[in-house]
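Asker: The file below is query_7.tsv, TSV, C-alpha atoms and all ligand atoms:
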chain	number	residue	atom	x	y	z
A	1	MET	CA	-14.97	-22.76	-3.60
A	2	ALA	CA	-13.00	-20.10	-1.69
A	3	ALA	CA	-14.23	-19.25	1.82
A	4	ALA	CA	-16.00	-15.89	2.23
A	5	PRO	CA	-13.65	-13.25	3.63
A	6	VAL	CA	-13.83	-12.75	7.40
A	7	PRO	CA	-14.52	-9.09	8.36
A	8	ILE	CA	-11.25	-7.74	9.73
A	9	GLN	CA	-11.55	-5.62	12.89
A	10	SER	CA	-9.21	-2.65	13.16
A	11	SER	CA	-9.17	-3.15	16.95
A	12	TRP	CA	-7.40	-6.52	16.71
A	13	ALA	CA	-3.82	-6.35	18.00
A	14	VAL	CA	-2.62	-8.21	14.93
A	15	VAL	CA	-4.12	-5.51	12.69
A	16	GLN	CA	-2.57	-2.77	14.80
A	17	ASP	CA	0.80	-4.51	14.54
A	18	HIS	CA	2.17	-3.61	11.12
A	19	ARG	CA	5.85	-3.99	12.01
A	20	ARG	CA	7.75	-5.00	8.92
A	21	VAL	CA	9.92	-7.41	10.88
A	22	PHE	CA	9.27	-11.11	11.30
A	23	GLN	CA	11.82	-13.40	12.88
A	24	ASP	CA	15.11	-13.05	10.96
A	25	LEU	CA	13.59	-12.22	7.60
A	26	VAL	CA	15.04	-9.18	5.86
A	27	TYR	CA	12.62	-8.71	2.96
A	28	LEU	CA	9.39	-10.48	3.90
A	29	TYR	CA	6.80	-9.85	6.61
A	30	PRO	CA	3.31	-11.28	7.17
A	31	VAL	CA	0.47	-8.98	8.25
A	32	ILE	CA	-3.28	-9.25	8.66
A	33	SER	CA	-4.50	-6.37	6.56
A	34	ARG	CA	-7.97	-4.83	6.49
A	35	ARG	CA	-7.52	-3.63	2.95
A	36	SER	CA	-6.29	-7.08	1.83
A	37	ARG	CA	-9.06	-8.69	3.89
A	38	GLY	CA	-6.73	-11.28	5.39
A	39	LEU	CA	-3.13	-12.42	5.26
A	40	SER	CA	-0.87	-10.26	3.16
A	41	ILE	CA	2.76	-11.14	2.66
A	42	GLY	CA	4.64	-7.88	2.44
A	43	VAL	CA	7.75	-7.67	0.29
A	44	ASN	CA	9.92	-4.90	1.66
A	45	LEU	CA	11.96	-3.64	-1.28
A	46	ASN	CA	13.31	-0.79	0.88
A	47	PRO	CA	15.07	-2.41	3.82
A	48	ASP	CA	17.30	0.70	3.66
A	49	LYS	CA	14.17	2.78	4.48
A	50	ARG	CA	14.61	5.07	1.45
A	51	CYS	CA	11.61	6.97	0.21
A	52	ASN	CA	11.09	9.89	-2.17
A	53	PHE	CA	8.23	11.15	0.03
A	54	ASP	CA	8.48	12.27	3.64
A	55	CYS	CA	4.83	12.04	4.66
A	56	VAL	CA	4.03	13.75	7.93
A	57	TYR	CA	2.11	10.65	9.04
A	58	CYS	CA	4.76	8.08	8.03
A	59	GLU	CA	5.15	5.32	10.61
A	60	VAL	CA	8.59	4.16	9.48
A	61	ASP	CA	11.17	4.78	12.18
A	62	ARG	CA	14.09	6.32	10.31
A	63	ARG	CA	16.07	7.04	13.48
A	64	THR	CA	17.33	3.45	13.41
A	65	PRO	CA	19.34	2.14	10.43
A	66	GLY	CA	17.84	-0.23	7.89
A	67	ARG	CA	18.64	-3.93	7.74
A	68	ALA	CA	20.14	-4.03	4.25
A	69	THR	CA	21.26	-1.53	1.65
A	70	GLN	CA	20.04	-3.40	-1.40
A	71	VAL	CA	17.73	-6.18	-2.47
A	72	ASN	CA	19.30	-9.63	-2.71
A	73	LEU	CA	16.94	-11.52	-5.00
A	74	ASP	CA	18.20	-14.99	-4.01
A	75	GLN	CA	17.49	-14.25	-0.37
A	76	LEU	CA	14.14	-12.65	-1.17
A	77	ARG	CA	13.19	-15.79	-3.06
A	78	GLU	CA	14.25	-18.10	-0.21
A	79	GLU	CA	12.36	-16.03	2.36
A	80	LEU	CA	9.20	-16.03	0.24
A	81	VAL	CA	9.24	-19.81	-0.23
A	82	TRP	CA	9.83	-20.28	3.52
A	83	LEU	CA	7.01	-17.92	4.52
A	84	VAL	CA	4.48	-19.34	2.05
A	85	ASN	CA	5.23	-22.88	3.22
A	86	HIS	CA	4.93	-21.84	6.88
A	87	ALA	CA	1.56	-20.20	6.22
A	88	ARG	CA	0.29	-23.27	4.42
A	89	ASP	CA	1.52	-25.91	6.90
A	90	GLY	CA	-0.02	-24.04	9.85
A	91	THR	CA	3.24	-22.97	11.52
A	92	LEU	CA	2.37	-19.29	11.11
A	93	ALA	CA	-0.93	-19.88	12.89
A	94	THR	CA	0.97	-20.98	16.00
A	95	GLN	CA	2.92	-17.72	16.25
A	96	PRO	CA	1.87	-15.43	19.16
A	97	LYS	CA	1.34	-12.53	16.73
A	98	PHE	CA	-1.51	-14.42	15.05
A	99	CYS	CA	-3.13	-16.02	18.11
A	100	GLU	CA	-6.37	-13.98	17.67
A	101	VAL	CA	-6.89	-15.11	14.08
A	102	PRO	CA	-4.94	-18.31	13.37
A	103	GLU	CA	-7.45	-19.35	10.68
A	104	LEU	CA	-6.63	-16.26	8.62
A	105	THR	CA	-2.98	-17.21	8.22
A	106	ARG	CA	-3.60	-20.20	5.96
A	107	GLN	CA	-4.95	-18.31	2.98
A	108	ILE	CA	-2.50	-15.90	1.39
A	109	ARG	CA	-4.71	-13.20	-0.07
A	110	ASP	CA	-1.94	-11.19	-1.63
A	111	ILE	CA	1.76	-10.61	-1.92
A	112	ALA	CA	2.35	-6.88	-1.66
A	113	PHE	CA	5.34	-4.82	-2.75
A	114	SER	CA	5.44	-2.30	0.01
A	115	GLY	CA	7.68	-1.80	2.99
A	116	ASP	CA	9.82	0.82	4.65
A	117	GLY	CA	9.94	3.16	1.66
A	118	GLU	CA	8.84	3.46	-1.96
A	119	PRO	CA	9.14	0.09	-3.78
A	120	THR	CA	9.59	1.65	-7.23
A	121	MET	CA	12.84	3.26	-6.09
A	122	VAL	CA	14.73	-0.03	-6.47
A	123	PRO	CA	16.82	0.04	-9.66
A	124	HIS	CA	15.52	-3.33	-10.88
A	125	PHE	CA	11.85	-3.40	-9.97
A	126	ASP	CA	11.04	-5.70	-12.91
A	127	ALA	CA	13.54	-8.32	-11.66
A	128	CYS	CA	11.93	-8.19	-8.20
A	129	VAL	CA	8.51	-8.86	-9.78
A	130	GLU	CA	9.98	-11.69	-11.88
A	131	THR	CA	11.38	-13.32	-8.75
A	132	VAL	CA	8.04	-13.19	-6.94
A	133	VAL	CA	6.11	-14.37	-10.01
A	134	ALA	CA	8.46	-17.37	-10.34
A	135	VAL	CA	7.78	-18.40	-6.72
A	136	LYS	CA	4.05	-17.81	-7.17
A	137	ARG	CA	4.07	-20.12	-10.18
A	138	GLU	CA	6.30	-22.74	-8.55
A	139	LEU	CA	4.14	-22.94	-5.41
A	140	GLY	CA	0.84	-22.89	-7.27
A	141	LEU	CA	-0.35	-19.55	-5.88
A	142	ASP	CA	-2.32	-18.94	-9.05
A	143	ASP	CA	-5.16	-16.98	-7.43
A	144	THR	CA	-3.01	-14.89	-5.10
A	145	LYS	CA	-2.97	-11.23	-6.05
A	146	LEU	CA	0.23	-9.25	-6.52
A	147	VAL	CA	-0.21	-5.78	-5.08
A	148	LEU	CA	1.94	-2.71	-5.55
A	149	ILE	CA	1.53	-0.05	-2.89
A	150	THR	CA	3.14	3.05	-4.35
A	151	ASP	CA	3.45	6.80	-3.98
A	152	CYS	CA	3.46	6.87	-7.82
A	153	ALA	CA	6.61	8.98	-8.20
A	154	GLY	CA	8.44	6.17	-10.04
A	155	LEU	CA	5.65	4.76	-12.19
A	156	ASP	CA	7.17	6.33	-15.33
A	157	LYS	CA	10.49	4.45	-15.03
A	158	GLY	CA	11.18	1.78	-17.66
A	159	SER	CA	11.88	-1.05	-15.23
A	160	VAL	CA	8.75	-0.17	-13.26
A	161	ARG	CA	6.57	-0.20	-16.37
A	162	ARG	CA	7.94	-3.62	-17.28
A	163	GLY	CA	7.24	-4.80	-13.73
A	164	LEU	CA	3.66	-3.52	-13.90
A	165	GLU	CA	3.09	-5.34	-17.20
A	166	LEU	CA	4.31	-8.56	-15.62
A	167	MET	CA	2.05	-7.97	-12.64
A	168	ASP	CA	-0.89	-7.45	-15.05
A	169	ARG	CA	-0.46	-11.05	-16.18
A	170	HIS	CA	-0.45	-12.36	-12.59
A	171	HIS	CA	-3.45	-10.77	-10.86
A	172	GLY	CA	-1.74	-7.42	-10.39
A	173	GLU	CA	-3.48	-4.75	-8.33
A	174	PHE	CA	-2.19	-1.21	-8.03
A	175	TRP	CA	-2.75	0.91	-4.95
A	176	CYS	CA	-1.77	4.49	-5.73
A	177	LYS	CA	-1.30	7.06	-3.00
A	178	LEU	CA	-3.02	10.41	-3.51
A	179	ASP	CA	-3.56	12.57	-0.44
A	180	ALA	CA	-4.00	16.03	-1.96
A	181	GLY	CA	-5.65	18.04	-4.70
A	182	THR	CA	-3.29	21.02	-4.82
A	183	GLU	CA	0.46	21.43	-4.91
A	184	PRO	CA	0.68	23.40	-1.59
A	185	TYR	CA	-1.31	20.78	0.34
A	186	PHE	CA	0.68	17.98	-1.31
A	187	ARG	CA	3.91	19.69	-0.22
A	188	ALA	CA	2.60	20.13	3.32
A	189	VAL	CA	1.49	16.49	3.67
A	190	ASN	CA	3.84	14.42	1.52
A	191	ARG	CA	6.89	16.74	1.68
A	192	SER	CA	8.36	15.40	-1.56
A	193	PHE	CA	10.72	16.99	-4.08
A	194	VAL	CA	8.56	15.38	-6.79
A	195	ARG	CA	5.77	17.65	-8.02
A	196	LEU	CA	2.08	16.77	-7.73
A	197	ASP	CA	1.55	17.16	-11.48
A	198	ARG	CA	4.09	14.37	-12.09
A	199	ILE	CA	2.30	12.14	-9.57
A	200	LEU	CA	-1.03	12.84	-11.29
A	201	ARG	CA	0.44	12.21	-14.74
A	202	ASN	CA	1.90	8.89	-13.55
A	203	ILE	CA	-1.43	7.85	-12.04
A	204	LEU	CA	-3.22	8.73	-15.27
A	205	GLU	CA	-0.75	6.89	-17.52
A	206	THR	CA	-0.90	3.82	-15.27
A	207	ALA	CA	-4.70	3.93	-15.02
A	208	ARG	CA	-5.05	4.20	-18.79
A	209	VAL	CA	-3.50	0.73	-19.08
A	210	ARG	CA	-5.26	-1.02	-16.15
A	211	PRO	CA	-7.58	0.05	-13.33
A	212	VAL	CA	-6.00	1.42	-10.16
A	213	ILE	CA	-7.18	1.83	-6.58
A	214	LEU	CA	-6.48	5.23	-5.05
A	215	GLN	CA	-5.30	5.17	-1.46
A	216	SER	CA	-5.99	8.46	0.26
A	217	LEU	CA	-5.09	9.16	3.84
A	218	PHE	CA	-7.11	11.92	5.45
A	219	PHE	CA	-6.14	13.23	8.84
A	220	ARG	CA	-5.87	16.25	11.07
A	221	MET	CA	-2.81	18.45	10.74
A	222	ARG	CA	-2.23	20.62	13.79
A	223	GLY	CA	-5.89	20.17	14.64
A	224	GLU	CA	-7.20	21.01	11.14
A	225	ALA	CA	-8.81	18.43	8.86
A	226	MET	CA	-8.54	18.88	5.06
A	227	SER	CA	-10.50	22.00	4.07
A	228	ALA	CA	-13.64	21.84	1.93
A	229	ALA	CA	-11.76	23.67	-0.85
A	230	GLU	CA	-8.90	21.15	-0.79
A	231	LEU	CA	-11.35	18.24	-0.83
A	232	GLU	CA	-13.11	19.81	-3.82
A	233	ALA	CA	-9.74	20.18	-5.60
A	234	TYR	CA	-8.95	16.53	-4.78
A	235	CYS	CA	-12.28	15.45	-6.32
A	236	GLU	CA	-11.53	17.59	-9.37
A	237	ARG	CA	-8.17	15.77	-9.84
A	238	LEU	CA	-10.05	12.44	-9.76
A	239	ARG	CA	-12.56	13.68	-12.31
A	240	GLU	CA	-9.71	14.84	-14.55
A	241	ILE	CA	-8.07	11.40	-14.42
A	242	VAL	CA	-11.33	9.70	-15.33
A	243	ALA	CA	-12.13	12.24	-18.09
A	244	ALA	CA	-8.69	11.62	-19.63
A	245	GLY	CA	-9.29	7.87	-19.83
A	246	GLY	CA	-7.90	6.67	-16.48
A	247	ARG	CA	-9.79	3.88	-14.75
A	248	ILE	CA	-10.18	4.30	-10.99
A	249	GLN	CA	-11.58	1.06	-9.62
A	250	ALA	CA	-12.17	2.47	-6.15
A	251	VAL	CA	-10.97	5.02	-3.64
A	252	HIS	CA	-9.79	3.73	-0.26
A	253	ALA	CA	-10.20	6.51	2.28
A	254	TYR	CA	-8.38	5.85	5.50
A	255	THR	CA	-6.84	7.66	8.41
A	256	ILE	CA	-3.93	7.37	10.80
A	257	ALA	CA	-4.17	4.08	12.70
A	258	ARG	CA	-0.96	4.03	14.71
A	259	PRO	CA	1.27	6.63	16.42
A	260	THR	CA	3.31	8.80	14.05
A	261	PRO	CA	6.62	10.59	14.68
A	262	GLU	CA	4.86	13.96	14.16
A	263	ALA	CA	2.61	14.26	17.20
A	264	TRP	CA	0.54	17.00	15.47
A	265	ALA	CA	-0.59	14.56	12.78
A	266	THR	CA	-3.68	12.92	14.27
A	267	ARG	CA	-6.48	10.66	13.15
A	268	LEU	CA	-10.00	11.54	12.07
A	269	GLU	CA	-13.05	10.02	13.68
A	270	ARG	CA	-14.98	7.45	11.69
A	271	GLY	CA	-17.86	9.90	11.16
A	272	GLU	CA	-15.54	12.56	9.72
A	273	LEU	CA	-14.01	10.04	7.33
A	274	GLU	CA	-17.47	8.82	6.28
A	275	ALA	CA	-18.54	12.41	5.60
A	276	MET	CA	-15.48	12.98	3.37
A	277	ALA	CA	-16.14	9.69	1.59
A	278	GLY	CA	-19.70	10.85	0.95
A	279	VAL	CA	-18.42	14.07	-0.66
A	280	ILE	CA	-15.98	12.13	-2.87
A	281	ARG	CA	-18.75	9.73	-3.95
A	282	SER	CA	-21.16	12.51	-4.81
A	283	ARG	CA	-18.57	14.68	-6.65
A	284	THR	CA	-16.91	11.87	-8.61
A	285	GLY	CA	-19.38	8.99	-8.82
A	286	LEU	CA	-16.58	6.63	-7.80
A	287	PRO	CA	-16.90	3.82	-5.24
A	288	VAL	CA	-15.27	4.85	-1.96
A	289	GLU	CA	-14.45	2.45	0.87
A	290	VAL	CA	-13.62	3.72	4.35
A	291	PHE	CA	-10.98	2.12	6.58
A	292	ASP	CA	-10.64	3.83	9.94
B	301	LIG	S1	5.27	7.20	0.87
B	301	LIG	FE1	4.95	5.67	2.50
B	301	LIG	S2	7.01	5.10	3.21
B	301	LIG	FE2	7.21	6.99	2.02
B	301	LIG	S3	7.14	8.63	3.54
B	301	LIG	FE3	5.04	8.33	2.78
B	301	LIG	S4	4.08	6.87	4.19
B	301	LIG	FE4	6.33	6.77	4.51
Go ahead and render the structure in this file as structure tokens.
Ligand code: SF4
Answerer:
Amino acid sequence: MAAAPVPIQSSWAVVQDHRRVFQDLVYLYPVISRRSRGLSIGVNLNPDKRCNFDCVYCEVDRRTPGRATQVNLDQLREELVWLVNHARDGTLATQPKFCEVPELTRQIRDIAFSGDGEPTMVPHFDACVETVVAVKRELGLDDTKLVLITDCAGLDKGSVRRGLELMDRHHGEFWCKLDAGTEPYFRAVNRSFVRLDRILRNILETARVRPVILQSLFFRMRGEAMSAAELEAYCERLREIVAAGGRIQAVHAYTIARPTPEAWATRLERGELEAMAGVIRSRTGLPVEVFD
């Protein structure tokens, strides 16, 4: 029987430390994640730091160059095997980064496509999923989830759809970013050339096939939290997705946890986030979890 998950404290240094660099690895990085409830192995499909969003709260340091310009699947595979074996044999537990929680490093709760940009921007997303699935099968990680953390702009691409279908067969979980309810607020926060209606359409089409988790970051922009009208519009977008047949498993409401390049983008207090979560619950009937 699997051990009950240990409550992850956001104050732990290892939780604060979400650097996507570990030793000499180019594509893989281990983190203790609150939302994964333990050890998550991140697969950075954007070592070039490319993203089709430019979120005002993004923590990726784009002033320094990336470590690779494309994804080498042979190397990704080798790094994943190495990291899984090091987690299992206890070597990871001896690393200074994990000294607060060595026991959490032995159980790999998920392998997450994430990283320094948008994972669905790679031209061969399906091949990346195939590579990870092959390692998962080879190393007997049958119960380990495969997570995609996405801004949703590329969910309508053919190779991405094929990748999602493969993930469906291997405990796939889909964490879809949605921070806004209107186009102007979306432009102000996510600063993307992709339109909000395309993001919403992609979320709906994805959620019609399998349930998704919405990841929504709420924060203070130049001192102002999201307005009541914007929050109402956001709730209306969620209701529209559900009414059109999309399955939203849960909403994860969170806020800025680490310093951002834009000093005017600041975090909300726990109470403010809880209050927003309460509004979302009452307006949509959806489960909302708060991560501050
Ligand atoms: S989608 Fe993620 S990686 Fe891209 S800009 Fe936003 S926070 Fe950064």
Asker: Hey, which residues sit close to ligand LIG 301 (chain B)? Say within 10 Å, counting all atoms listed in the file, and write them as a ChimeraX atom specification.
Answerer: /A:46,49-62,114-119,149-153,177-178,189-192,217
Asker: Let me make sure I understand: among A:Ala233, A:Met167, A:Leu45, A:Val84, which one has the smallest atom-to-atom distance to Arg210 in chain A if we use only C-alpha atoms?
Answerer: A:Met167
Asker: Pick from A:Ala112, A:Ala265, A:Cys235, A:Ile241: nearest to Arg281 in chain A, with all atoms listed in the file counted?
Answerer: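 Nearest to Arg281 in chain A: A:Cys235.
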Asker: Between CA of Thr144 in chain A and CA of Gly38 in chain A, what is the distance, to one decimal in Å?
Answerer: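 Spanning CA of Thr144 in chain A to CA of Gly38 in chain A is a straight-line distance of 11.7 Å.
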Asker: Taking the point (-9.5, -1.9, 2.3) as given in the file, collect each protein or nucleic acid residue that comes within 10 Å of it, counting only C-alpha atoms, and present the set as a VMD selection string.
Answerer: chain A and resid 8 33 to 37 213 215 250 to 254 288 to 292
Asker: For those residues, write C-alpha atoms to a file as a PDB file, keeping the file's coordinate frame.
Answerer:
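The resulting file, selection07.pdb, is reproduced below:
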ATOM      1  CA  ILE A   8     -11.250  -7.740   9.730  1.00  0.00           C
ATOM      2  CA  SER A  33      -4.500  -6.370   6.560  1.00  0.00           C
ATOM      3  CA  ARG A  34      -7.970  -4.830   6.490  1.00  0.00           C
ATOM      4  CA  ARG A  35      -7.520  -3.630   2.950  1.00  0.00           C
ATOM      5  CA  SER A  36      -6.290  -7.080   1.830  1.00  0.00           C
ATOM      6  CA  ARG A  37      -9.060  -8.690   3.890  1.00  0.00           C
ATOM      7  CA  ILE A 213      -7.180   1.830  -6.580  1.00  0.00           C
ATOM      8  CA  GLN A 215      -5.300   5.170  -1.460  1.00  0.00           C
ATOM      9  CA  ALA A 250     -12.170   2.470  -6.150  1.00  0.00           C
ATOM     10  CA  VAL A 251     -10.970   5.020  -3.640  1.00  0.00           C
ATOM     11  CA  HIS A 252      -9.790   3.730  -0.260  1.00  0.00           C
ATOM     12  CA  ALA A 253     -10.200   6.510   2.280  1.00  0.00           C
ATOM     13  CA  TYR A 254      -8.380   5.850   5.500  1.00  0.00           C
ATOM     14  CA  VAL A 288     -15.270   4.850  -1.960  1.00  0.00           C
ATOM     15  CA  GLU A 289     -14.450   2.450   0.870  1.00  0.00           C
ATOM     16  CA  VAL A 290     -13.620   3.720   4.350  1.00  0.00           C
ATOM     17  CA  PHE A 291     -10.980   2.120   6.580  1.00  0.00           C
ATOM     18  CA  ASP A 292     -10.640   3.830   9.940  1.00  0.00           C
TER      19      ASP A 292
END
Asker: To one decimal place in Å, what is the distance between CA of Asp126 in chain A and CA of Arg198 in chain A?
Answerer: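 Separating CA of Asp126 in chain A from CA of Arg198 in chain A is a distance of 21.3 Å.
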Asker: For Glu138 in chain A, find every residue with an atom within 12 Å (counting only C-alpha atoms), except residues of its own chain fewer than 4 positions away, and show them as a PyMOL selection string.
Answerer: chain A and resi 77+80-81+84-85+131-134+142
Asker: Counting only C-alpha atoms, I want the residues whose atoms come within 12 Å of (0.6, 4.1, -10.6) in the file frame, returned as a PDB file with C-alpha atoms, keeping the file's coordinate frame.
Answerer:
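What ended up in point_9.pdb:
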ATOM      1  CA  GLU A 118       8.840   3.460  -1.960  1.00  0.00           C
ATOM      2  CA  PRO A 119       9.140   0.090  -3.780  1.00  0.00           C
ATOM      3  CA  THR A 120       9.590   1.650  -7.230  1.00  0.00           C
ATOM      4  CA  VAL A 147      -0.210  -5.780  -5.080  1.00  0.00           C
ATOM      5  CA  LEU A 148       1.940  -2.710  -5.550  1.00  0.00           C
ATOM      6  CA  ILE A 149       1.530  -0.050  -2.890  1.00  0.00           C
ATOM      7  CA  THR A 150       3.140   3.050  -4.350  1.00  0.00           C
ATOM      8  CA  ASP A 151       3.450   6.800  -3.980  1.00  0.00           C
ATOM      9  CA  CYS A 152       3.460   6.870  -7.820  1.00  0.00           C
ATOM     10  CA  ALA A 153       6.610   8.980  -8.200  1.00  0.00           C
ATOM     11  CA  GLY A 154       8.440   6.170 -10.040  1.00  0.00           C
ATOM     12  CA  LEU A 155       5.650   4.760 -12.190  1.00  0.00           C
ATOM     13  CA  ASP A 156       7.170   6.330 -15.330  1.00  0.00           C
ATOM     14  CA  LYS A 157      10.490   4.450 -15.030  1.00  0.00           C
ATOM     15  CA  VAL A 160       8.750  -0.170 -13.260  1.00  0.00           C
ATOM     16  CA  ARG A 161       6.570  -0.200 -16.370  1.00  0.00           C
ATOM     17  CA  GLY A 163       7.240  -4.800 -13.730  1.00  0.00           C
ATOM     18  CA  LEU A 164       3.660  -3.520 -13.900  1.00  0.00           C
ATOM     19  CA  GLU A 165       3.090  -5.340 -17.200  1.00  0.00           C
ATOM     20  CA  GLY A 172      -1.740  -7.420 -10.390  1.00  0.00           C
ATOM     21  CA  GLU A 173      -3.480  -4.750  -8.330  1.00  0.00           C
ATOM     22  CA  PHE A 174      -2.190  -1.210  -8.030  1.00  0.00           C
ATOM     23  CA  TRP A 175      -2.750   0.910  -4.950  1.00  0.00           C
ATOM     24  CA  CYS A 176      -1.770   4.490  -5.730  1.00  0.00           C
ATOM     25  CA  LYS A 177      -1.300   7.060  -3.000  1.00  0.00           C
ATOM     26  CA  LEU A 178      -3.020  10.410  -3.510  1.00  0.00           C
ATOM     27  CA  ARG A 198       4.090  14.370 -12.090  1.00  0.00           C
ATOM     28  CA  ILE A 199       2.300  12.140  -9.570  1.00  0.00           C
ATOM     29  CA  LEU A 200      -1.030  12.840 -11.290  1.00  0.00           C
ATOM     30  CA  ARG A 201       0.440  12.210 -14.740  1.00  0.00           C
ATOM     31  CA  ASN A 202       1.900   8.890 -13.550  1.00  0.00           C
ATOM     32  CA  ILE A 203      -1.430   7.850 -12.040  1.00  0.00           C
ATOM     33  CA  LEU A 204      -3.220   8.730 -15.270  1.00  0.00           C
ATOM     34  CA  GLU A 205      -0.750   6.890 -17.520  1.00  0.00           C
ATOM     35  CA  THR A 206      -0.900   3.820 -15.270  1.00  0.00           C
ATOM     36  CA  ALA A 207      -4.700   3.930 -15.020  1.00  0.00           C
ATOM     37  CA  ARG A 208      -5.050   4.200 -18.790  1.00  0.00           C
ATOM     38  CA  VAL A 209      -3.500   0.730 -19.080  1.00  0.00           C
ATOM     39  CA  ARG A 210      -5.260  -1.020 -16.150  1.00  0.00           C
ATOM     40  CA  PRO A 211      -7.580   0.050 -13.330  1.00  0.00           C
ATOM     41  CA  VAL A 212      -6.000   1.420 -10.160  1.00  0.00           C
ATOM     42  CA  ILE A 213      -7.180   1.830  -6.580  1.00  0.00           C
ATOM     43  CA  LEU A 214      -6.480   5.230  -5.050  1.00  0.00           C
ATOM     44  CA  GLN A 215      -5.300   5.170  -1.460  1.00  0.00           C
ATOM     45  CA  ILE A 241      -8.070  11.400 -14.420  1.00  0.00           C
ATOM     46  CA  GLY A 246      -7.900   6.670 -16.480  1.00  0.00           C
ATOM     47  CA  ARG A 247      -9.790   3.880 -14.750  1.00  0.00           C
ATOM     48  CA  ILE A 248     -10.180   4.300 -10.990  1.00  0.00           C
TER      49      ILE A 248
END
Asker: Grab the CA of Leu92 in chain A to CA of Glu78 in chain A distance for me, in Å with one decimal place.
Answerer: 16.5 Å
Asker: As a PyMOL selection string, please: the residues near Arg88 in chain A (cut-off 10 Å, only C-alpha atoms, same-chain neighbours under 3 positions excluded).
Answerer: chain A and resi 83-85+91-93+105-108
Asker: I need the residue nearest Leu73 in chain A from this list: A:Ser227, A:Ser159, A:Gln249, A:Asn44. Use all atoms listed in the file for the distance.
Answerer: A:Asn44
Asker: Let me make sure I understand: among A:Arg137, A:Arg267, A:His124, A:His86, which one has the smallest atom-to-atom distance to Met226 in chain A if we use all atoms listed in the file?
Answerer: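 Checking each of A:Arg137, A:Arg267, A:His124, A:His86 against Met226 in chain A, counting all atoms listed in the file, the winner is A:Arg267.
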Asker: Can you tell me which residues surround Val26 in chain A at a distance of at most 8 Å, considering all atoms listed in the file, apart from same-chain residues fewer than 2 positions away, and format the answer as a PyMOL selection string?
Answerer: chain A and resi 21+24+28+44+47+67-68+76
Asker: Would you mind exporting the chosen residues as a PDB file, keeping the file's coordinate frame, restricted to C-alpha atoms?
Answerer:
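Resulting contents of out-v8.pdb:
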ATOM      1  CA  VAL A  21       9.920  -7.410  10.880  1.00  0.00           C
ATOM      2  CA  ASP A  24      15.110 -13.050  10.960  1.00  0.00           C
ATOM      3  CA  LEU A  28       9.390 -10.480   3.900  1.00  0.00           C
ATOM      4  CA  ASN A  44       9.920  -4.900   1.660  1.00  0.00           C
ATOM      5  CA  PRO A  47      15.070  -2.410   3.820  1.00  0.00           C
ATOM      6  CA  ARG A  67      18.640  -3.930   7.740  1.00  0.00           C
ATOM      7  CA  ALA A  68      20.140  -4.030   4.250  1.00  0.00           C
ATOM      8  CA  LEU A  76      14.140 -12.650  -1.170  1.00  0.00           C
TER       9      LEU A  76
END
Asker: Fix up range 269-281 of chain A with N, CA and C atoms, then write it as a short mmCIF file (atom, residue, chain, number, x, y, z; two decimals), in the coordinates of the input.
Answerer:
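Generated output (rebuild-v1.cif):
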data_model
loop_
_atom_site.label_atom_id
_atom_site.label_comp_id
_atom_site.auth_asym_id
_atom_site.auth_seq_id
_atom_site.Cartn_x
_atom_site.Cartn_y
_atom_site.Cartn_z
N GLU A 269 -12.04 10.96 13.19
CA GLU A 269 -13.05 10.02 13.68
C GLU A 269 -13.73 9.36 12.50
N ARG A 270 -14.31 8.20 12.76
CA ARG A 270 -14.98 7.45 11.69
C ARG A 270 -16.02 8.32 10.97
N GLY A 271 -16.80 9.08 11.75
CA GLY A 271 -17.86 9.90 11.16
C GLY A 271 -17.30 10.96 10.21
N GLU A 272 -16.16 11.55 10.58
CA GLU A 272 -15.54 12.56 9.72
C GLU A 272 -15.08 11.94 8.40
N LEU A 273 -14.50 10.74 8.52
CA LEU A 273 -14.01 10.04 7.33
C LEU A 273 -15.19 9.65 6.42
N GLU A 274 -16.27 9.19 7.05
CA GLU A 274 -17.47 8.82 6.28
C GLU A 274 -18.02 10.04 5.55
N ALA A 275 -18.01 11.19 6.23
CA ALA A 275 -18.54 12.41 5.60
C ALA A 275 -17.69 12.78 4.38
N MET A 276 -16.36 12.66 4.51
CA MET A 276 -15.48 12.98 3.37
C MET A 276 -15.71 11.98 2.24
N ALA A 277 -15.88 10.72 2.62
CA ALA A 277 -16.14 9.69 1.59
C ALA A 277 -17.43 10.01 0.84
N GLY A 278 -18.43 10.50 1.58
CA GLY A 278 -19.70 10.85 0.95
C GLY A 278 -19.52 11.97 -0.07
N VAL A 279 -18.69 12.96 0.28
CA VAL A 279 -18.42 14.07 -0.66
C VAL A 279 -17.73 13.52 -1.91
N ILE A 280 -16.74 12.66 -1.71
CA ILE A 280 -15.98 12.13 -2.87
C ILE A 280 -16.93 11.32 -3.77
N ARG A 281 -17.79 10.52 -3.15
CA ARG A 281 -18.75 9.73 -3.95
C ARG A 281 -19.65 10.65 -4.78
#
